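*Asks:* One file: structure18.cif (mmCIF, C-alpha atoms).
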```cif
data_model
#
loop_
_atom_site.label_atom_id
_atom_site.label_comp_id
_atom_site.auth_asym_id
_atom_site.auth_seq_id
_atom_site.Cartn_x
_atom_site.Cartn_y
_atom_site.Cartn_z
CA MET A 1 2.68 -13.68 -65.81
CA HIS A 2 -0.37 -15.32 -64.34
CA ARG A 3 -3.34 -16.01 -66.53
CA GLY A 4 -6.96 -16.72 -66.01
CA LYS A 5 -8.98 -15.73 -63.02
CA VAL A 6 -8.14 -14.41 -59.58
CA ASP A 7 -10.85 -14.12 -56.96
CA GLY A 8 -11.11 -12.73 -53.44
CA GLN A 9 -7.60 -11.30 -53.56
CA PRO A 10 -6.79 -8.99 -50.61
CA ALA A 11 -5.54 -5.70 -51.99
CA TYR A 12 -5.24 -1.96 -51.58
CA ILE A 13 -5.84 0.60 -54.30
CA LEU A 14 -2.73 2.72 -54.80
CA HIS A 15 -4.04 5.07 -57.43
CA THR A 16 -6.63 5.30 -60.17
CA TYR A 17 -6.70 7.30 -63.35
CA PRO A 18 -9.29 7.79 -66.08
CA PHE A 19 -9.23 5.46 -69.04
CA ARG A 20 -11.34 5.71 -72.20
CA GLU A 21 -14.81 7.15 -71.83
CA THR A 22 -16.13 5.71 -68.60
CA SER A 23 -13.41 3.42 -67.29
CA LEU A 24 -10.58 3.59 -64.83
CA ILE A 25 -7.11 2.14 -64.69
CA VAL A 26 -6.64 0.91 -61.16
CA GLU A 27 -3.16 0.50 -59.74
CA ALA A 28 -3.59 -1.99 -56.92
CA PHE A 29 -1.20 -3.61 -54.48
CA SER A 30 -2.37 -7.18 -53.97
CA ARG A 31 -1.13 -9.67 -51.42
CA ASP A 32 -0.28 -12.57 -53.73
CA PHE A 33 0.39 -10.85 -57.05
CA GLY A 34 2.07 -7.65 -55.96
CA ARG A 35 1.35 -4.49 -57.87
CA VAL A 36 -1.15 -4.97 -60.68
CA ALA A 37 -2.82 -2.61 -63.14
CA LEU A 38 -6.47 -3.41 -63.72
CA VAL A 39 -9.05 -1.94 -66.04
CA ALA A 40 -12.29 -1.17 -64.20
CA ARG A 41 -14.85 -0.92 -66.97
CA GLY A 42 -17.61 1.57 -66.47
CA ALA A 43 -16.28 2.56 -63.06
CA ARG A 44 -16.65 6.26 -63.86
CA ARG A 45 -20.35 6.08 -64.64
CA PRO A 46 -22.33 8.10 -62.11
CA ARG A 47 -24.16 5.12 -60.63
CA SER A 48 -21.35 2.62 -60.85
CA PRO A 49 -21.52 0.34 -57.79
CA ILE A 50 -17.74 0.18 -57.40
CA ARG A 51 -17.19 3.92 -57.74
CA GLY A 52 -16.87 4.49 -54.01
CA LEU A 53 -15.00 1.24 -53.40
CA LEU A 54 -11.95 1.96 -55.49
CA MET A 55 -10.58 4.30 -52.89
CA ALA A 56 -7.02 4.29 -51.65
CA PHE A 57 -6.09 3.30 -48.07
CA GLN A 58 -9.02 0.92 -47.66
CA PRO A 59 -8.61 -2.87 -47.67
CA VAL A 60 -10.62 -4.48 -50.47
CA GLU A 61 -10.94 -7.89 -52.06
CA LEU A 62 -10.55 -7.85 -55.79
CA ALA A 63 -11.40 -10.31 -58.50
CA TRP A 64 -9.90 -9.95 -61.93
CA SER A 65 -9.41 -11.93 -65.08
CA GLY A 66 -7.44 -11.66 -68.23
CA LYS A 67 -4.17 -12.52 -69.81
CA GLY A 68 -1.26 -10.59 -71.13
CA GLU A 69 -0.89 -6.96 -70.20
CA VAL A 70 -4.51 -6.09 -69.64
CA LEU A 71 -6.27 -7.44 -66.61
CA THR A 72 -9.93 -6.65 -66.15
CA LEU A 73 -11.33 -5.92 -62.73
CA MET A 74 -14.40 -8.08 -62.25
CA LYS A 75 -15.36 -7.35 -58.69
CA ALA A 76 -14.33 -5.26 -55.71
CA GLU A 77 -15.57 -5.95 -52.22
CA TRP A 78 -15.24 -3.87 -49.12
CA VAL A 79 -13.34 -5.55 -46.30
CA GLY A 80 -13.42 -2.98 -43.54
CA GLY A 81 -11.55 -2.61 -40.29
CA GLN A 82 -9.54 0.36 -41.49
CA PRO A 83 -10.84 3.79 -40.50
CA LEU A 84 -10.63 6.37 -43.26
CA LEU A 85 -7.47 8.41 -43.10
CA GLY A 86 -7.73 12.12 -42.57
CA GLY A 87 -5.48 15.07 -42.04
CA HIS A 88 -1.75 14.47 -41.80
CA ALA A 89 -2.21 10.69 -41.94
CA LEU A 90 -3.74 11.05 -45.37
CA PHE A 91 -0.65 12.78 -46.73
CA CYS A 92 1.57 10.12 -45.14
CA GLY A 93 -0.60 7.50 -46.86
CA TYR A 94 -0.04 9.24 -50.17
CA TYR A 95 3.68 9.15 -49.44
CA LEU A 96 3.58 5.36 -49.02
CA ASN A 97 1.60 4.99 -52.23
CA GLU A 98 3.93 7.23 -54.14
CA LEU A 99 6.90 5.15 -52.97
CA LEU A 100 5.18 1.91 -53.98
CA LEU A 101 4.13 3.27 -57.38
CA ASN A 102 7.66 4.42 -58.07
CA LEU A 103 9.69 1.56 -56.65
CA LEU A 104 7.61 -1.60 -56.78
CA PRO A 105 7.83 -3.47 -60.09
CA ARG A 106 4.56 -4.83 -61.47
CA GLU A 107 3.41 -8.40 -60.82
CA ASP A 108 6.03 -9.24 -58.26
CA ALA A 109 4.58 -10.73 -55.09
CA HIS A 110 5.68 -9.13 -51.82
CA GLU A 111 3.51 -10.60 -49.13
CA ARG A 112 5.59 -9.32 -46.22
CA LEU A 113 5.59 -5.82 -47.62
CA PHE A 114 1.84 -6.07 -48.14
CA LEU A 115 1.38 -6.94 -44.48
CA ALA A 116 3.72 -4.15 -43.43
CA TYR A 117 1.72 -1.71 -45.57
CA ALA A 118 -1.58 -2.84 -44.05
CA GLN A 119 -0.18 -2.54 -40.55
CA THR A 120 1.25 0.91 -41.24
CA LEU A 121 -2.13 2.17 -42.49
CA ARG A 122 -3.87 0.81 -39.40
CA ARG A 123 -1.36 2.64 -37.21
CA PHE A 124 -1.81 5.82 -39.24
CA ALA A 125 -5.50 5.78 -38.37
CA GLU A 126 -4.54 6.24 -34.73
CA GLY A 127 -2.15 9.07 -35.45
CA VAL A 128 1.07 9.12 -37.43
CA GLN A 129 4.29 8.29 -35.63
CA GLU A 130 7.51 9.07 -37.49
CA ALA A 131 8.75 5.63 -36.48
CA ASP A 132 6.00 3.99 -38.56
CA LEU A 133 7.27 5.76 -41.66
CA ARG A 134 10.83 4.63 -40.99
CA ARG A 135 9.72 1.04 -40.37
CA PHE A 136 7.83 0.99 -43.65
CA GLU A 137 10.72 2.49 -45.61
CA LYS A 138 13.03 -0.13 -44.15
CA ALA A 139 10.61 -2.95 -44.98
CA LEU A 140 10.28 -1.58 -48.53
CA LEU A 141 14.04 -1.49 -49.12
CA GLN A 142 14.48 -4.96 -47.66
CA GLU A 143 11.70 -6.43 -49.77
CA LEU A 144 13.03 -4.85 -52.93
CA GLY A 145 16.39 -6.46 -52.27
CA TYR A 146 18.17 -3.23 -51.39
CA GLY A 147 18.89 -4.61 -47.94
CA LEU A 148 20.48 -2.33 -45.41
CA TRP A 149 23.74 -3.06 -43.67
CA LEU A 150 23.11 -1.94 -40.14
CA THR A 151 24.97 -4.20 -37.75
CA GLU A 152 28.16 -4.76 -39.73
CA ASP A 153 30.26 -2.17 -41.49
CA ALA A 154 31.55 -2.42 -45.06
CA ASP A 155 34.69 -4.18 -43.82
CA GLY A 156 32.66 -6.84 -42.03
CA LYS A 157 33.38 -5.50 -38.55
CA PRO A 158 30.51 -5.08 -36.10
CA VAL A 159 29.09 -1.56 -35.98
CA ALA A 160 30.30 0.27 -32.87
CA GLU A 161 27.81 2.32 -30.85
CA GLU A 162 30.19 5.24 -30.40
CA GLY A 163 31.51 5.21 -34.00
CA TRP A 164 30.59 7.49 -36.92
CA TYR A 165 29.94 6.06 -40.35
CA ALA A 166 29.46 7.20 -43.90
CA TYR A 167 26.73 5.02 -45.37
CA GLU A 168 27.75 3.98 -48.85
CA ILE A 169 24.85 2.74 -50.96
CA GLU A 170 25.25 -0.92 -51.97
CA ARG A 171 28.34 -1.21 -49.75
CA GLY A 172 27.23 -0.41 -46.25
CA PRO A 173 28.56 1.84 -43.50
CA VAL A 174 32.21 2.88 -43.73
CA ARG A 175 33.84 3.85 -40.45
CA LEU A 176 34.88 7.50 -40.16
CA ALA A 177 37.48 9.00 -37.85
CA ARG A 178 34.98 11.65 -36.75
CA GLN A 179 31.48 12.96 -37.54
CA GLY A 180 31.18 14.00 -41.19
CA GLN A 181 28.94 16.49 -42.95
CA SER A 182 27.31 14.44 -45.71
CA PRO A 183 23.64 13.43 -45.41
CA LEU A 184 24.81 9.84 -45.47
CA CYS A 185 26.85 10.30 -42.29
CA ILE A 186 25.26 8.42 -39.42
CA SER A 187 26.23 7.37 -35.91
CA GLY A 188 26.76 3.74 -34.99
CA ARG A 189 24.11 4.20 -32.33
CA ALA A 190 21.52 5.23 -34.95
CA LEU A 191 22.44 2.31 -37.24
CA LEU A 192 21.95 -0.18 -34.43
CA ALA A 193 18.71 1.47 -33.33
CA LEU A 194 17.43 1.23 -36.90
CA ALA A 195 18.42 -2.43 -36.98
CA ARG A 196 16.34 -3.06 -33.84
CA ASP A 197 13.44 -0.87 -35.04
CA ASP A 198 13.97 1.11 -31.86
CA PHE A 199 12.99 4.71 -32.44
CA ALA A 200 12.52 5.86 -28.86
CA GLU A 201 15.29 8.44 -28.99
CA PRO A 202 14.34 11.48 -31.12
CA ARG A 203 17.94 12.21 -32.13
CA LEU A 204 18.45 8.71 -33.51
CA LEU A 205 15.07 8.87 -35.26
CA ALA A 206 16.17 12.10 -36.95
CA GLU A 207 19.39 10.44 -38.11
CA ALA A 208 17.44 7.47 -39.43
CA LYS A 209 15.15 9.86 -41.31
CA GLN A 210 18.09 11.57 -42.96
CA LEU A 211 19.60 8.26 -44.03
CA MET A 212 16.28 6.97 -45.37
CA ARG A 213 15.65 10.17 -47.26
CA ALA A 214 19.05 9.91 -48.96
CA LEU A 215 18.51 6.22 -49.78
CA MET A 216 15.02 6.82 -51.16
CA ALA A 217 16.31 9.70 -53.28
CA HIS A 218 18.98 7.37 -54.66
CA TYR A 219 16.59 4.54 -55.52
CA LEU A 220 14.04 6.94 -56.96
CA GLY A 221 16.72 8.02 -59.41
CA GLY A 222 16.41 11.73 -58.82
CA GLU A 223 12.62 11.83 -59.03
CA THR A 224 11.16 14.29 -56.52
CA LEU A 225 8.14 12.98 -54.72
CA GLU A 226 5.10 15.21 -54.98
CA THR A 227 4.06 14.24 -51.44
CA ARG A 228 7.39 15.41 -50.06
CA ARG A 229 6.91 18.81 -51.68
CA ILE A 230 3.44 19.09 -50.14
CA PHE A 231 4.80 18.06 -46.71
CA LYS A 232 7.20 20.96 -46.99
CA GLU A 233 4.48 23.40 -47.96
CA LEU A 234 2.36 22.20 -45.05
CA GLN A 235 5.20 22.73 -42.61
CA GLU A 236 5.74 26.25 -43.86
CA LEU A 237 2.19 27.29 -43.00
CA MET B 1 -8.74 3.55 -88.34
CA SER B 2 -7.81 3.23 -91.99
CA VAL B 3 -10.65 5.50 -93.14
CA HIS B 4 -9.47 8.62 -94.89
CA ASN B 5 -11.61 11.51 -93.80
CA PRO B 6 -11.27 15.02 -95.17
CA GLY B 7 -8.95 17.04 -93.00
CA SER B 8 -11.58 19.32 -91.56
CA LEU B 9 -13.76 16.37 -90.53
CA ASP B 10 -10.83 14.72 -88.78
CA ALA B 11 -10.06 18.00 -87.09
CA LEU B 12 -13.64 18.23 -85.80
CA ILE B 13 -13.60 14.66 -84.49
CA ASP B 14 -10.28 15.29 -82.86
CA ALA B 15 -11.56 18.50 -81.26
CA LEU B 16 -14.66 16.78 -79.86
CA LYS B 17 -12.46 14.24 -78.09
CA CYS B 18 -11.43 16.92 -75.63
CA LEU B 19 -14.85 16.61 -73.97
CA PRO B 20 -14.87 14.49 -70.81
CA GLY B 21 -16.00 10.94 -71.43
CA VAL B 22 -15.80 11.30 -75.21
CA GLY B 23 -13.53 8.91 -77.06
CA PRO B 24 -12.92 8.52 -80.81
CA LYS B 25 -16.19 6.66 -81.43
CA SER B 26 -18.49 9.07 -79.65
CA ALA B 27 -16.62 11.97 -81.20
CA GLN B 28 -17.21 10.57 -84.66
CA ARG B 29 -20.90 10.03 -83.93
CA MET B 30 -21.22 13.59 -82.68
CA ALA B 31 -19.41 15.02 -85.67
CA TYR B 32 -21.61 13.18 -88.17
CA HIS B 33 -24.73 14.13 -86.26
CA LEU B 34 -23.81 17.80 -86.27
CA LEU B 35 -22.86 17.87 -89.94
CA GLN B 36 -25.65 15.69 -91.27
CA ARG B 37 -28.67 16.26 -89.12
CA ASP B 38 -28.23 19.43 -87.20
CA ARG B 39 -26.20 22.02 -89.05
CA LYS B 40 -28.08 24.82 -87.29
CA GLY B 41 -27.26 23.31 -83.94
CA ALA B 42 -23.64 23.00 -85.00
CA GLN B 43 -23.58 26.67 -85.95
CA LYS B 44 -25.08 27.58 -82.59
CA LEU B 45 -22.64 25.35 -80.74
CA GLY B 46 -19.67 26.92 -82.46
CA GLU B 47 -20.84 30.44 -81.76
CA ALA B 48 -21.78 29.70 -78.16
CA LEU B 49 -18.39 28.15 -77.56
CA LEU B 50 -16.50 31.12 -78.96
CA ASN B 51 -18.77 33.53 -77.17
CA ALA B 52 -18.34 31.79 -73.82
CA LEU B 53 -14.60 31.69 -74.24
CA THR B 54 -14.38 35.44 -74.73
CA ALA B 55 -17.16 36.55 -72.38
CA LEU B 56 -16.56 34.35 -69.34
CA ARG B 57 -13.92 34.84 -66.71
CA HIS B 58 -13.41 33.98 -63.08
CA CYS B 59 -15.30 36.05 -60.51
CA ALA B 60 -12.86 38.21 -58.59
CA ARG B 61 -14.43 37.10 -55.33
CA CYS B 62 -15.71 33.53 -55.63
CA ASN B 63 -13.63 32.34 -58.59
CA THR B 64 -16.60 30.84 -60.44
CA PHE B 65 -17.38 31.67 -64.05
CA THR B 66 -19.03 35.00 -64.66
CA GLU B 67 -19.31 37.65 -67.33
CA ALA B 68 -18.81 40.54 -64.95
CA GLU B 69 -15.86 41.37 -62.73
CA VAL B 70 -17.81 40.10 -59.73
CA CYS B 71 -20.66 37.60 -60.11
CA GLU B 72 -24.28 38.34 -59.23
CA ARG B 73 -24.31 36.09 -56.22
CA CYS B 74 -21.30 37.76 -54.64
CA LEU B 75 -22.94 41.18 -55.19
CA SER B 76 -26.36 40.18 -53.83
CA PRO B 77 -27.23 42.08 -50.63
CA LYS B 78 -29.42 39.18 -49.51
CA ARG B 79 -26.47 36.85 -49.00
CA ASP B 80 -24.68 36.59 -45.71
CA GLY B 81 -21.02 37.40 -46.18
CA LYS B 82 -20.03 35.99 -42.79
CA THR B 83 -19.96 32.38 -43.94
CA LEU B 84 -17.93 31.25 -46.90
CA CYS B 85 -18.43 27.80 -48.38
CA VAL B 86 -15.47 26.31 -50.23
CA VAL B 87 -16.30 23.82 -53.00
CA GLU B 88 -14.24 22.05 -55.65
CA THR B 89 -16.24 22.88 -58.79
CA PRO B 90 -19.05 25.15 -60.02
CA VAL B 91 -21.25 22.03 -60.25
CA ASP B 92 -20.73 21.44 -56.53
CA MET B 93 -21.74 25.03 -55.89
CA ASN B 94 -24.94 24.56 -57.88
CA MET B 95 -25.74 21.48 -55.83
CA MET B 96 -25.27 23.44 -52.62
CA GLU B 97 -27.54 26.16 -53.97
CA GLN B 98 -30.25 23.64 -54.78
CA THR B 99 -30.43 22.65 -51.12
CA LEU B 100 -31.74 26.12 -50.23
CA ALA B 101 -29.98 25.47 -46.93
CA PHE B 102 -27.17 27.93 -47.32
CA ASN B 103 -27.36 31.68 -47.61
CA GLY B 104 -23.70 32.53 -47.37
CA LEU B 105 -21.18 33.04 -50.13
CA TYR B 106 -18.94 30.63 -51.97
CA TYR B 107 -15.42 30.11 -53.10
CA VAL B 108 -14.84 27.69 -55.98
CA LEU B 109 -11.41 26.06 -55.99
CA MET B 110 -11.69 24.80 -59.59
CA GLY B 111 -9.80 21.67 -58.59
CA ARG B 112 -8.44 19.69 -55.69
CA ILE B 113 -5.18 18.55 -54.20
CA SER B 114 -4.18 15.18 -55.63
CA PRO B 115 -0.53 14.42 -54.85
CA LEU B 116 -0.28 11.34 -57.06
CA ASP B 117 -1.55 13.31 -60.06
CA GLY B 118 0.98 16.04 -59.42
CA GLN B 119 -1.73 18.41 -58.20
CA GLY B 120 -0.32 20.22 -55.20
CA PRO B 121 -1.52 23.30 -53.33
CA THR B 122 0.62 25.51 -55.57
CA GLN B 123 -1.39 24.53 -58.65
CA LEU B 124 -4.64 25.45 -56.91
CA GLY B 125 -3.67 29.09 -56.55
CA LEU B 126 -4.83 29.54 -53.00
CA ASP B 127 -3.63 33.14 -52.71
CA LYS B 128 -6.93 34.24 -54.13
CA LEU B 129 -8.84 32.31 -51.46
CA LEU B 130 -6.68 33.80 -48.72
CA GLN B 131 -7.31 37.30 -50.06
CA ARG B 132 -11.03 36.55 -50.18
CA VAL B 133 -11.05 35.31 -46.59
CA ASP B 134 -9.14 38.35 -45.39
CA ASP B 135 -11.95 40.75 -46.38
CA GLY B 136 -12.81 41.37 -42.71
CA VAL B 137 -16.39 40.10 -43.06
CA VAL B 138 -15.86 36.33 -43.28
CA GLU B 139 -16.15 34.67 -39.87
CA GLU B 140 -16.53 31.03 -40.76
CA VAL B 141 -15.28 28.95 -43.65
CA ILE B 142 -17.24 25.79 -44.43
CA LEU B 143 -15.17 23.20 -46.27
CA ALA B 144 -17.47 21.37 -48.68
CA THR B 145 -14.88 19.52 -50.74
CA ASN B 146 -15.70 15.93 -51.73
CA TYR B 147 -15.45 13.06 -49.29
CA THR B 148 -12.85 11.36 -51.43
CA ASN B 149 -9.24 11.07 -50.29
CA GLU B 150 -8.38 14.01 -52.55
CA GLY B 151 -11.22 16.11 -51.17
CA GLU B 152 -10.18 15.25 -47.62
CA ALA B 153 -6.56 16.11 -48.35
CA THR B 154 -7.70 19.44 -49.78
CA ALA B 155 -9.88 20.10 -46.74
CA HIS B 156 -7.01 19.29 -44.39
CA TYR B 157 -4.61 21.58 -46.18
CA LEU B 158 -7.15 24.42 -46.26
CA SER B 159 -8.04 23.99 -42.60
CA GLU B 160 -4.37 24.24 -41.60
CA LEU B 161 -3.97 27.26 -43.83
CA LEU B 162 -7.04 29.04 -42.47
CA LYS B 163 -6.65 28.09 -38.81
CA ALA B 164 -3.19 29.65 -38.89
CA ARG B 165 -5.02 32.90 -39.68
CA GLY B 166 -7.45 32.56 -36.80
CA ILE B 167 -10.52 31.82 -38.93
CA LYS B 168 -13.21 29.43 -37.75
CA VAL B 169 -13.23 26.40 -40.01
CA SER B 170 -15.88 23.69 -40.31
CA ARG B 171 -16.39 20.66 -42.53
CA ILE B 172 -19.70 19.40 -43.92
CA ALA B 173 -20.87 16.19 -42.22
CA ARG B 174 -20.96 12.76 -43.80
CA GLY B 175 -22.93 9.62 -43.06
CA ILE B 176 -26.24 7.94 -43.71
CA PRO B 177 -28.19 9.71 -46.46
CA VAL B 178 -31.49 11.33 -45.59
CA GLY B 179 -34.26 8.75 -45.87
CA GLY B 180 -31.59 6.07 -46.00
CA GLU B 181 -32.22 2.61 -44.61
CA LEU B 182 -29.29 0.89 -42.92
CA GLU B 183 -30.03 -2.28 -44.84
CA TYR B 184 -29.16 -0.58 -48.12
CA VAL B 185 -26.31 1.68 -47.05
CA ASP B 186 -22.87 0.59 -48.19
CA PRO B 187 -20.75 -0.81 -45.36
CA GLY B 188 -17.98 1.78 -45.74
CA THR B 189 -20.41 4.64 -45.16
CA LEU B 190 -22.05 2.83 -42.27
CA ALA B 191 -18.69 2.09 -40.63
CA GLN B 192 -17.66 5.72 -40.88
CA ALA B 193 -21.04 6.94 -39.63
CA LEU B 194 -20.54 4.77 -36.59
CA ARG B 195 -17.01 6.07 -36.00
CA GLU B 196 -18.18 9.65 -36.36
CA ARG B 197 -21.34 9.24 -34.28
CA ARG B 198 -22.30 12.17 -32.14
CA GLY B 199 -24.00 12.65 -28.79
CA VAL B 200 -27.73 13.21 -28.89
CA GLU B 201 -28.71 16.74 -27.93
CA ARG B 202 -31.39 17.14 -25.35
#
```
Show me, as structure tokens, the structure contained in the file I just sent.
*Replies:*
Amino acid sequence: MHRGKVDGQPAYILHTYPFRETSLIVEAFSRDFGRVALVARGARRPRSPIRGLLMAFQPVELAWSGKGEVLTLMKAEWVGGQPLLGGHALFCGYYLNELLLNLLPREDAHERLFLAYAQTLRRFAEGVQEADLRRFEKALLQELGYGLWLTEDADGKPVAEEGWYAYEIERGPVRLARQGQSPLCISGRALLALARDDFAEPRLLAEAKQLMRALMAHYLGGETLETRRIFKELQEL
Amino acid sequence: MSVHNPGSLDALIDALKCLPGVGPKSAQRMAYHLLQRDRKGAQKLGEALLNALTALRHCARCNTFTEAEVCERCLSPKRDGKTLCVVETPVDMNMMEQTLAFNGLYYVLMGRISPLDGQGPTQLGLDKLLQRVDDGVVEEVILATNYTNEGEATAHYLSELLKARGIKVSRIARGIPVGGELEYVDPGTLAQALRERRGVER
């Protein structure tokens, strides 16, 4: 656990919730310290200068101090360069934040994931591509140490384009004689495309989505994401 | 706290903590004030609270608090039923009224969509809004939810919901405040005002 003062730390706000009478607890994802929980004192007062700054999906620079469990937010500065998210992109942003809040342990630096997150948000501002979601999910799993086996199967043999596999969590793809029915069944072609971050083919992208959904569900330990439920409701309109 | 208060005092302090922005300390201050200095006020407060709880309900049309089945504003013949302004809270509605710029009717959501707080569209009970919009008079719905991420998410969801029903939907504008000087506007607002700039009408 780091002590003392941190200044000018690039970060994104993941979520805030009320604390005591006028304060906020801020869940932030910082570049060098990972996910941190900060107390923003007085941030809920009507004229608080940082009220509008502690907004998700916007790059900020934070300064905090403290030791032990409670870190106090001292300063938040607007960085800019990221258009506000709206519409569908906003819900996809919430999805990323919900994943990070559920899967990322506190105070564990993940600089590469931070950069991937920033890049994904910038792309979202220009319109959400499914591929961006898949890329982020992959980066998240890799950074958390749940690496994916995509080019070699569980027996150490190279993944064959024309083969079908059952993806076993923590073991990798197991070759099947023919296409199976489980959500973790995936074609060799889709595994290799996922390895190359190549999502040009819609069918392979759909397979990658199914695999990622099953993996996320596993690592979330049965927790249903609120954002996923809302996605569904939106689609049913 | 190691202080032993009589049970009913503790119960009062505890009850006062349910007010927004009131923690144990403020609650204690309020309780002592009411009991010591303003017993009449306390009596009035208690009665008003009970009275409001029994008398007030949600307007069948705009969902705000009212004592009647339908609130006065919704019944007023002077209001234009063709535009419906959707706001998050009754306070927001009062602000809109103060502008004297709007003569249509309202719908108060009594909340917002906030996925990370577990507040989805289901919890908002949007059936009532849909029924309201389907009255055959409403032509345009103005979305006046907050310009926070949650307000934007709510506006997006509502616009998808309403557009699917062929209703004209608009969103209140955002940007530089009236009388605002660029020098003192926060950079986030300025950046967005620039991105959402519009052509100058002749």
*Asks:* Extract, using only C-alpha atoms, all DNA, RNA and protein residues at most 8 Å from Pro183 of chain A, discarding same-chain residues fewer than 2 positions from it, and format them as a PyMOL selection string.
*Replies:* chain A and resi 181+185-186+210-211+214
*Asks:* Residues near Gly21 of chain B, anyone? I mean within 10 Å using all atoms listed in the file, not counting same-chain ones fewer than 4 positions away, as a ChimeraX atom specification.
*Replies:* /A:18-23,44-45 /B:17,26-27
*Asks:* Which residues, written as a list of chain:residue names, have at least one atom at most 9 Å from Leu101 of chain A, with all atoms listed in the file counted and residues fewer than 4 positions away on the same chain left out?
*Replies:* A:Leu14, A:His15, A:Glu27, A:Arg35, A:Leu96, A:Asn97, A:Pro105
*Asks:* List as number ranges by chain the protein and nucleic acid residues near Val141 of chain B, meaning an atom at most 9 Å away when only C-alpha atoms are counted, but skip any in the same chain fewer than 6 places from it.
*Replies:* B: 82-86, 133, 159, 162, 167-171
*Asks:* Give me, as a tab-separated table, the closest atom pair and its distance (Å, one decimal) for every residue of chain A within a cut-off of 8 Å of chain B, counting all atoms listed in the file, rows sorted by chain and rising number.
*Replies:*
```
residue	atom	partner	partner_atom	distance
A:His15	CA	B:Leu116	CA	7.3
A:Arg20	CA	B:Gly23	CA	6.2
A:Glu21	CA	B:Gly21	CA	4.0
A:Thr22	CA	B:Gly21	CA	5.9
A:Met55	CA	B:Asn149	CA	7.4
A:Ala56	CA	B:Asn149	CA	7.3
A:Trp78	CA	B:Gly188	CA	7.1
A:Gly80	CA	B:Gly188	CA	6.9
A:Pro83	CA	B:Gln192	CA	7.1
A:Leu84	CA	B:Gln192	CA	7.5
A:Leu85	CA	B:Asn149	CA	7.9
A:Gly86	CA	B:Glu152	CA	6.4
A:Gly87	CA	B:His156	CA	5.1
A:His88	CA	B:His156	CA	7.6
A:Leu90	CA	B:Ala153	CA	6.5
A:Phe91	CA	B:Ala153	CA	7.0
A:Tyr94	CA	B:Pro115	CA	7.0
A:Glu98	CA	B:Leu116	CA	6.6
A:Glu226	CA	B:Pro115	CA	5.7
A:Thr227	CA	B:Pro115	CA	5.7
A:Ile230	CA	B:Gly120	CA	6.4
A:Leu234	CA	B:Tyr157	CA	7.1
A:Leu237	CA	B:Leu161	CA	6.2
```
*Asks:* Rounded to one decimal in Å, what is the spacing between atom CA of Glu69 of chain A and atom CA of Ile50 of chain A?
*Replies:*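 The value is 22.3 Å.
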*Asks:* Hey, what's within 10 Å of segment 3-9 of chain B if we count only C-alpha atoms and toss same-chain stuff fewer than 5 positions away? As a ChimeraX atom specification, please?
*Replies:* /B:14-15,28,31-32,35
*Asks:* Would you translate the PyMOL selection byres ((chain A and resi 141) around 12) into the concrete set of residues it matches in this file, as a compact mmCIF listing (two decimals) with C-alpha atoms, in the coordinates of the input?
*Replies:*
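Saved to part-v8.txt:
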```txt
# COMPACT_ATOMS: atom_id res chain seq x y z
CA LEU A 99 6.90 5.15 -52.97
CA LEU A 100 5.18 1.91 -53.98
CA LEU A 103 9.69 1.56 -56.65
CA LEU A 104 7.61 -1.60 -56.78
CA HIS A 110 5.68 -9.13 -51.82
CA ARG A 112 5.59 -9.32 -46.22
CA LEU A 113 5.59 -5.82 -47.62
CA ARG A 134 10.83 4.63 -40.99
CA ARG A 135 9.72 1.04 -40.37
CA PHE A 136 7.83 0.99 -43.65
CA GLU A 137 10.72 2.49 -45.61
CA LYS A 138 13.03 -0.13 -44.15
CA ALA A 139 10.61 -2.95 -44.98
CA LEU A 140 10.28 -1.58 -48.53
CA GLN A 142 14.48 -4.96 -47.66
CA GLU A 143 11.70 -6.43 -49.77
CA LEU A 144 13.03 -4.85 -52.93
CA GLY A 145 16.39 -6.46 -52.27
CA TYR A 146 18.17 -3.23 -51.39
CA GLY A 147 18.89 -4.61 -47.94
CA LEU A 148 20.48 -2.33 -45.41
CA TRP A 149 23.74 -3.06 -43.67
CA ILE A 169 24.85 2.74 -50.96
CA GLU A 170 25.25 -0.92 -51.97
CA MET A 212 16.28 6.97 -45.37
CA ARG A 213 15.65 10.17 -47.26
CA LEU A 215 18.51 6.22 -49.78
CA MET A 216 15.02 6.82 -51.16
CA HIS A 218 18.98 7.37 -54.66
CA TYR A 219 16.59 4.54 -55.52
CA LEU A 220 14.04 6.94 -56.96
```
*Asks:* So which residues are close to (-1.0, -3.7, -59.8), meaning at most 8 Å away in the file's coordinates with all atoms listed in the file counted, and can you show them as a list in words?
*Replies:* Val26, Glu27, Ala28, Phe29, Ser30, Phe33, Gly34, Arg35, Val36, Ala37, Leu38, Arg106 and Glu107 of chain A
*Asks:* Would you mind reading off the distance between atom CA of Ile176 of chain B and atom CA of Arg41 of chain A, one decimal, in Å?
*Replies:*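 Answer for the atom CA of Ile176 of chain B to atom CA of Arg41 of chain A separation: 27.4 Å.
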*Asks:* Hey, what comes out of the PyMOL selection byres ((chain B and resi 64-74) around 8) on this file? Could you write it as a PyMOL selection string?
*Replies:* chain B and resi 55-63+75-76+79+90+105-108+110
*Asks:* To verify the selection step, state as a list of chain:residue names which residues the PyMOL selection byres ((chain A and resi 49) around 12) yields on this input.
*Replies:* A:Ala40, A:Arg41, A:Gly42, A:Ala43, A:Arg44, A:Arg45, A:Pro46, A:Arg47, A:Ser48, A:Ile50, A:Arg51, A:Gly52, A:Leu53, A:Leu54, A:Met74, A:Lys75, A:Ala76, A:Glu77, A:Trp78, B:Val185, B:Asp186
*Asks:* Identify the residues around (-3.1, -0.2, -42.0) within a radius of 9 Å, measuring from only C-alpha atoms in the coordinates stated by the file, and give them as a ChimeraX atom specification.
*Replies:* /A:57-59,81-83,115-125
